[in-house]
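Colleague: Have a peek at entry.csv (CSV, C-alpha atoms).
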chain,number,residue,atom,x,y,z
W,21,MET,CA,0.1,-17.4,12.0
W,22,ASP,CA,-0.4,-15.8,8.6
W,23,ILE,CA,-2.4,-12.5,8.8
W,24,ILE,CA,-3.1,-12.5,5.0
W,25,ASP,CA,-3.7,-15.7,3.1
W,26,VAL,CA,-4.0,-15.6,-0.7
W,27,GLU,CA,-4.4,-19.0,-2.5
W,28,HIS,CA,-5.2,-19.7,-6.2
W,29,LEU,CA,-6.5,-16.1,-6.6
W,30,THR,CA,-7.8,-15.4,-10.1
W,31,PHE,CA,-9.6,-12.2,-11.2
W,32,GLY,CA,-10.5,-10.7,-14.5
W,33,TYR,CA,-12.5,-7.7,-15.8
W,34,ALA,CA,-15.6,-8.5,-17.9
W,35,GLY,CA,-15.5,-7.3,-21.4
W,36,ARG,CA,-18.3,-6.0,-23.6
W,37,ASP,CA,-19.3,-9.7,-24.2
W,38,LYS,CA,-20.3,-11.0,-20.8
W,39,ASN,CA,-19.0,-14.4,-21.7
W,40,GLN,CA,-15.5,-13.0,-22.2
W,41,ASN,CA,-13.2,-12.3,-19.2
W,42,SER,CA,-9.8,-10.8,-19.4
W,43,LYS,CA,-7.7,-12.3,-16.6
W,44,VAL,CA,-5.5,-9.8,-14.7
W,45,LEU,CA,-4.5,-12.2,-11.9
W,46,ASP,CA,-4.1,-15.9,-12.7
W,47,ASP,CA,-3.9,-18.4,-9.8
W,48,ILE,CA,-1.6,-16.4,-7.6
W,49,GLY,CA,-0.8,-17.2,-4.0
W,50,PHE,CA,1.2,-15.7,-1.1
W,51,HIS,CA,1.1,-15.3,2.7
W,52,ILE,CA,1.9,-12.2,4.8
W,53,ASN,CA,2.8,-12.3,8.5
W,54,GLU,CA,2.4,-9.8,11.2
W,55,ASP,CA,4.4,-6.5,10.8
W,56,GLU,CA,5.7,-7.4,7.3
W,57,SER,CA,6.3,-4.6,4.8
W,58,VAL,CA,5.8,-5.9,1.3
W,59,GLY,CA,6.3,-4.1,-2.0
W,60,ILE,CA,4.4,-5.0,-5.2
W,61,ILE,CA,6.1,-4.1,-8.4
W,62,GLY,CA,5.6,-4.8,-12.1
W,63,ALA,CA,5.0,-3.1,-15.4
W,64,ASN,CA,1.8,-1.1,-16.2
W,65,GLY,CA,-1.3,-3.2,-16.3
W,66,VAL,CA,0.0,-6.3,-14.5
W,67,GLY,CA,-2.6,-6.0,-11.7
W,68,LYS,CA,-0.8,-4.2,-8.8
W,69,SER,CA,-3.7,-1.9,-8.1
W,70,THR,CA,-6.2,-4.7,-8.8
W,71,LEU,CA,-4.6,-6.9,-6.2
W,72,LEU,CA,-4.8,-4.1,-3.5
W,73,LYS,CA,-8.5,-3.4,-4.3
W,74,LEU,CA,-9.4,-7.1,-4.0
W,75,MET,CA,-7.8,-7.2,-0.6
W,76,VAL,CA,-10.1,-4.6,0.7
W,77,GLY,CA,-13.2,-5.7,-1.1
W,78,LEU,CA,-13.4,-2.9,-3.7
W,79,LEU,CA,-13.7,-5.4,-6.6
W,80,PRO,CA,-16.1,-8.4,-6.4
W,81,GLY,CA,-16.1,-11.6,-8.3
W,82,TYR,CA,-12.7,-13.2,-7.7
W,83,ASN,CA,-12.0,-16.9,-7.6
W,84,GLY,CA,-9.8,-18.6,-5.1
W,85,THR,CA,-9.1,-17.8,-1.5
W,86,LEU,CA,-8.5,-14.4,0.0
W,87,ARG,CA,-8.6,-14.2,3.8
W,88,ILE,CA,-7.6,-11.4,6.3
W,89,HIS,CA,-7.2,-12.8,9.9
W,90,GLY,CA,-9.0,-15.9,8.8
W,91,THR,CA,-12.0,-13.9,7.5
W,92,GLU,CA,-13.0,-14.3,3.9
W,93,VAL,CA,-13.0,-11.1,1.9
W,94,LYS,CA,-16.6,-11.1,0.7
W,95,LYS,CA,-19.6,-8.8,0.8
W,96,GLU,CA,-21.0,-9.9,4.2
W,97,ASN,CA,-17.6,-9.4,5.9
W,98,LEU,CA,-16.6,-6.1,4.4
W,99,SER,CA,-17.4,-4.0,7.5
W,100,GLU,CA,-15.1,-6.2,9.6
W,101,ILE,CA,-12.4,-6.3,6.9
W,102,ARG,CA,-12.4,-2.5,6.5
W,103,ARG,CA,-11.9,-2.0,10.2
W,104,ARG,CA,-8.6,-4.0,9.9
W,105,VAL,CA,-7.5,-2.9,6.4
W,106,GLY,CA,-7.1,0.6,5.2
W,107,TYR,CA,-6.7,1.4,1.5
W,108,VAL,CA,-4.9,4.7,0.5
W,109,PHE,CA,-5.7,5.7,-3.1
W,110,GLN,CA,-3.0,7.0,-5.4
W,111,ASP,CA,-5.0,10.3,-5.8
W,112,SER,CA,-5.5,11.7,-2.4
W,113,ASP,CA,-8.3,13.9,-3.6
W,114,SER,CA,-10.3,10.7,-4.2
W,115,GLN,CA,-10.1,10.0,-0.5
W,116,LEU,CA,-10.5,13.5,1.1
W,117,PHE,CA,-14.0,15.0,0.9
W,118,MET,CA,-14.7,16.9,4.1
W,119,ASN,CA,-13.8,20.6,4.8
W,120,THR,CA,-11.0,20.2,7.2
W,121,VAL,CA,-8.3,17.6,8.0
W,122,TYR,CA,-9.9,16.8,11.4
W,123,GLU,CA,-13.3,16.3,9.9
W,124,ASP,CA,-12.0,13.9,7.2
W,125,VAL,CA,-10.0,11.8,9.7
W,126,ALA,CA,-12.9,11.8,12.1
W,127,PHE,CA,-15.4,10.7,9.5
W,128,ALA,CA,-14.9,6.9,9.7
W,129,PRO,CA,-15.0,6.7,13.6
W,130,ARG,CA,-18.2,8.8,13.6
W,131,ASN,CA,-19.7,6.6,10.9
W,132,TYR,CA,-19.1,3.6,13.0
W,133,GLY,CA,-21.1,5.2,15.9
W,134,MET,CA,-18.3,5.9,18.3
W,135,SER,CA,-18.8,8.5,21.1
W,136,GLU,CA,-17.5,12.0,20.4
W,137,ASN,CA,-14.7,11.4,23.0
W,138,GLU,CA,-13.7,8.2,21.3
W,139,VAL,CA,-13.8,9.9,17.9
W,140,ARG,CA,-11.5,12.6,19.1
W,141,ARG,CA,-9.1,10.1,20.7
W,142,CYS,CA,-8.9,8.0,17.5
W,143,THR,CA,-8.6,11.1,15.3
W,144,MET,CA,-5.8,12.8,17.3
W,145,ASP,CA,-3.9,9.5,17.5
W,146,ALA,CA,-4.0,9.1,13.7
W,147,LEU,CA,-2.9,12.7,13.3
W,148,ARG,CA,0.0,12.1,15.7
W,149,LYS,CA,1.1,9.0,13.9
W,150,THR,CA,1.2,10.9,10.6
W,151,GLN,CA,2.8,14.0,12.3
W,152,ILE,CA,0.1,16.4,11.1
W,153,GLU,CA,-1.6,17.4,14.4
W,154,ASP,CA,-0.9,21.0,13.5
W,155,LEU,CA,-3.0,20.6,10.3
W,156,ALA,CA,-6.1,19.4,12.1
W,157,ASP,CA,-8.1,22.6,11.4
W,158,ARG,CA,-6.6,23.2,8.0
W,159,HIS,CA,-9.0,23.2,5.0
W,160,ILE,CA,-8.3,20.4,2.6
W,161,TYR,CA,-7.9,22.7,-0.4
W,162,ARG,CA,-5.0,24.5,1.4
W,163,LEU,CA,-2.9,21.3,1.8
W,164,SER,CA,0.1,20.5,-0.3
W,165,GLY,CA,0.3,17.2,-2.2
W,166,GLY,CA,2.4,15.7,0.6
W,167,GLN,CA,0.1,16.9,3.3
W,168,LYS,CA,-2.9,15.5,1.5
W,169,LYS,CA,-1.1,12.1,1.3
W,170,LEU,CA,-0.5,12.1,5.1
W,171,ALA,CA,-4.1,13.2,5.7
W,172,ALA,CA,-5.3,10.3,3.5
W,173,ILE,CA,-3.2,7.8,5.5
W,174,ALA,CA,-4.6,9.3,8.8
W,175,THR,CA,-8.2,8.7,7.6
W,176,VAL,CA,-7.6,4.9,7.5
W,177,LEU,CA,-5.5,4.9,10.7
W,178,SER,CA,-8.3,6.5,12.7
W,179,MET,CA,-10.2,3.3,12.6
W,180,GLY,CA,-7.2,1.4,14.0
W,181,ALA,CA,-6.3,-0.3,10.7
W,182,GLU,CA,-3.7,-3.0,11.2
W,183,ILE,CA,-3.0,-3.4,7.5
W,184,LEU,CA,-2.2,-0.5,5.3
W,185,LEU,CA,-2.5,-0.8,1.5
W,186,MET,CA,-1.0,2.0,-0.6
W,187,ASP,CA,-1.2,2.5,-4.3
W,188,GLU,CA,1.7,4.6,-5.7
W,189,PRO,CA,2.1,6.6,-2.5
W,190,SER,CA,5.2,8.6,-3.7
W,191,ALA,CA,3.6,9.7,-7.0
W,192,ALA,CA,3.9,13.5,-7.5
W,193,LEU,CA,5.6,14.1,-4.2
W,194,ASP,CA,8.6,16.4,-4.0
W,195,PRO,CA,11.8,15.1,-2.4
W,196,ARG,CA,11.1,16.6,1.0
W,197,ASN,CA,7.6,15.2,1.3
W,198,ARG,CA,8.8,11.9,-0.1
W,199,LYS,CA,11.5,11.6,2.5
W,200,GLN,CA,9.0,12.5,5.3
W,201,LEU,CA,6.5,9.8,4.0
W,202,ILE,CA,9.3,7.2,4.0
W,203,LYS,CA,10.2,8.1,7.6
W,204,ILE,CA,6.6,7.9,8.8
W,205,LEU,CA,5.9,4.6,7.0
W,206,LYS,CA,8.9,3.0,8.6
W,207,GLU,CA,7.7,4.1,12.1
W,208,LEU,CA,4.1,2.8,11.7
W,209,PRO,CA,3.4,-0.6,13.2
W,210,GLY,CA,1.4,-3.3,11.4
W,211,ILE,CA,1.5,-4.7,7.9
W,212,LYS,CA,2.2,-2.4,5.0
W,213,ILE,CA,1.7,-3.4,1.4
W,214,ILE,CA,2.9,-0.9,-1.2
W,215,ALA,CA,2.3,-1.0,-5.0
W,216,SER,CA,4.7,1.3,-6.8
W,217,HIS,CA,6.8,1.9,-9.9
W,218,ASP,CA,9.2,3.9,-7.6
W,219,LEU,CA,11.7,1.2,-6.8
W,220,ASP,CA,13.8,3.4,-4.7
W,221,PHE,CA,10.7,4.0,-2.5
W,222,ILE,CA,10.0,0.3,-2.4
W,223,TYR,CA,13.6,-0.3,-1.3
W,224,ASP,CA,13.4,2.3,1.4
W,225,THR,CA,10.1,1.0,2.9
W,226,CYS,CA,9.7,-2.7,2.1
W,227,GLU,CA,11.6,-5.7,3.4
W,228,ARG,CA,10.0,-8.1,0.9
W,229,THR,CA,8.8,-7.6,-2.7
W,230,LEU,CA,6.5,-9.4,-5.1
W,231,LEU,CA,7.2,-9.0,-8.8
W,232,LEU,CA,4.0,-9.4,-10.9
W,233,ALA,CA,4.0,-10.3,-14.6
W,234,ASP,CA,1.5,-11.9,-17.0
W,235,GLY,CA,-1.0,-12.3,-14.1
W,236,LYS,CA,1.5,-14.3,-12.0
W,237,ILE,CA,3.9,-13.7,-9.1
W,238,VAL,CA,7.2,-14.4,-10.8
W,239,ARG,CA,9.4,-13.4,-7.9
W,240,ASP,CA,8.9,-13.2,-4.2
W,241,GLU,CA,12.1,-12.2,-2.5
W,242,ARG,CA,13.8,-10.0,0.0
W,243,THR,CA,13.7,-6.5,-1.5
W,244,ARG,CA,17.5,-5.9,-1.3
W,245,GLU,CA,18.1,-9.1,-3.3
W,246,LEU,CA,15.4,-8.6,-5.9
W,247,LEU,CA,16.0,-4.9,-6.7
W,248,LYS,CA,19.7,-5.4,-7.6
W,249,GLN,CA,18.9,-8.0,-10.3
W,250,LYS,CA,19.2,-5.8,-13.4
W,251,ASP,CA,18.4,-8.5,-15.9
W,252,VAL,CA,15.3,-9.7,-14.0
W,253,LEU,CA,13.9,-6.2,-13.7
W,254,GLU,CA,14.5,-5.3,-17.3
W,255,ALA,CA,13.0,-8.5,-18.5
W,256,HIS,CA,9.7,-7.3,-16.8
W,257,GLY,CA,9.7,-3.7,-18.0
W,258,LEU,CA,11.5,-2.2,-15.0
W,259,GLU,CA,14.9,-0.7,-14.3
W,260,LEU,CA,17.4,-0.7,-11.5
W,261,PRO,CA,16.6,1.8,-8.8
W,262,LEU,CA,18.2,5.2,-9.5
W,263,SER,CA,20.7,4.8,-6.7
W,264,PHE,CA,22.2,1.8,-8.4
W,265,ARG,CA,21.8,2.7,-12.0
W,266,PHE,CA,24.8,4.9,-12.1
W,267,TYR,CA,27.1,2.5,-10.2
W,268,PRO,CA,27.4,-0.6,-12.4
W,269,GLY,CA,29.0,-3.4,-10.6
W,270,MET,CA,28.9,-1.6,-7.2
W,271,GLN,CA,25.6,-2.7,-5.8
W,272,GLU,CA,27.1,-4.6,-2.9
W,273,THR,CA,29.3,-1.6,-2.0
W,274,ILE,CA,26.2,0.6,-1.9
W,275,PHE,CA,24.3,-1.9,0.2
W,276,GLY,CA,27.3,-2.2,2.5
W,277,ALA,CA,27.3,1.6,3.0
W,278,GLY,CA,24.2,1.1,5.2
W,279,ARG,CA,21.8,3.2,3.0
W,280,ASN,CA,18.9,1.5,5.0
W,281,ASP,CA,20.5,-0.9,7.4
W,282,ASN,CA,17.2,-1.7,9.1
W,283,LEU,CA,16.0,-3.4,6.0
W,284,VAL,CA,19.0,-5.7,5.7
Do you think you could lay out the structure here as structure tokens?
Modeller:
Amino acid sequence: MDIIDVEHLTFGYAGRDKNQNSKVLDDIGFHINEDESVGIIGANGVGKSTLLKLMVGLLPGYNGTLRIHGTEVKKENLSEIRRRVGYVFQDSDSQLFMNTVYEDVAFAPRNYGMSENEVRRCTMDALRKTQIEDLADRHIYRLSGGQKKLAAIATVLSMGAEILLMDEPSAALDPRNRKQLIKILKELPGIKIIASHDLDFIYDTCERTLLLADGKIVRDERTRELLKQKDVLEAHGLELPLSFRFYPGMQETIFGAGRNDNLV
């Protein structure tokens, strides 16, 4: 059974003239099954972030079908949808607003009226999954960029989110924090949908990738097959992942070296 169903999805932002509408997504469709990890790539402005926001109900007014576990993403269903779907903003400071990591991660369970025992259980479970239990009492302003990203992920996991949506998760991370984030994402269960310009990050975390261009999904393929197609990527304003860019004609050798065998 498909967990996410998108059919004939069309969305545009209204211009100054209310009769004008600039289409960002135009009649797109795809389906995502349980435990899939899916990358969304494309040039600036193709609608990657827009698509993620539509899936969690942050943008109203789409046409077509958008269902999560059979439930239509619309205003009256948002409470149920957001228990299942967690959206992690590109800028972690947009997501973290309490004094300490524990308070931020505990905010959503408390807001849903859980008992304090349940709040603590859910909060500590989310902190364990993101490997930041030791930061529970740390003030948000004292966190590094990588720690803030993990705390932001924990805030959506504390509600038991089965679907994780991430917008440019590797942006501004140093190599160490980037590597840790990749490791944690690969260990997390559930569906992960990641929009990013960082194609190496997509390769390391996603089994399948959608390429957006001109409001359409122009490719929907296994990540390892799509990201070695230099001509396709360049035609849509992208470049080969860094790991392959300096080894022309040797992509298969690199893949065969087992850089990330679990994605093969």
Colleague: Could you build a table of the residues in stretch 179-199 of chain W lying no more than 12 Å from stretch 120-137 of chain W, giving for each the nearest pair of atoms and their separation in Å rounded to one decimal place, using only C-alpha atoms, ordered by chain and ascending residue number, as JSON lines?
Modeller:
{"residue": "W:Met179", "atom": "CA", "partner": "W:Pro129", "partner_atom": "CA", "distance": 6.0}
{"residue": "W:Gly180", "atom": "CA", "partner": "W:Pro129", "partner_atom": "CA", "distance": 9.4}
{"residue": "W:Ala181", "atom": "CA", "partner": "W:Ala128", "partner_atom": "CA", "distance": 11.3}
Colleague: Selected residues, C-alpha atoms, written as an mmCIF file, keeping the file's coordinate frame, please.
Modeller:
data_model
loop_
_atom_site.group_PDB
_atom_site.id
_atom_site.type_symbol
_atom_site.label_atom_id
_atom_site.label_comp_id
_atom_site.auth_asym_id
_atom_site.auth_seq_id
_atom_site.Cartn_x
_atom_site.Cartn_y
_atom_site.Cartn_z
ATOM 1 C CA MET W 179 -10.200 3.300 12.600
ATOM 2 C CA GLY W 180 -7.200 1.400 14.000
ATOM 3 C CA ALA W 181 -6.300 -0.300 10.700
#
Colleague: Give me, as a list in words, all polymer residues having an atom no more than 7 Å from W:Arg242, counting all atoms listed in the file and skipping those fewer than 5 positions away in the same chain.
Modeller: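 Counting all atoms listed in the file, the residues come to Glu227, Arg228 and Thr229 of chain W.
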Colleague: Interatomic distance between atom CA of W:Thr30 and atom CA of W:Arg244?
Modeller: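 Separating atom CA of W:Thr30 from atom CA of W:Arg244 is a distance of 28.4 Å.
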Colleague: If you count all atoms listed in the file, which residues fall within 7 Å of stretch 22-29 of chain W, apart from same-chain ones fewer than 2 positions away, as a list in words?
Modeller: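 In the requested format, the answer is Phe31, Leu45, Asp46, Asp47, Ile48, Gly49, Phe50, His51, Ile52, Asn53, Glu54, Tyr82, Asn83, Gly84, Thr85, Leu86, Arg87, Ile88 and His89 of chain W.
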Colleague: Pick out the residues sitting within 7 Å of W:Thr225, and hand them over as a PyMOL selection string; count all atoms listed in the file, and ignore anything fewer than 5 positions along from it in its own chain.
Modeller: chain W and resi 202+205-206
Colleague: Just C-alpha atoms for this one: save the residues we selected as a tab-separated table (two decimals), in the coordinates of the input.
Modeller:
chain	number	residue	atom	x	y	z
W	202	ILE	CA	9.30	7.20	4.00
W	205	LEU	CA	5.90	4.60	7.00
W	206	LYS	CA	8.90	3.00	8.60
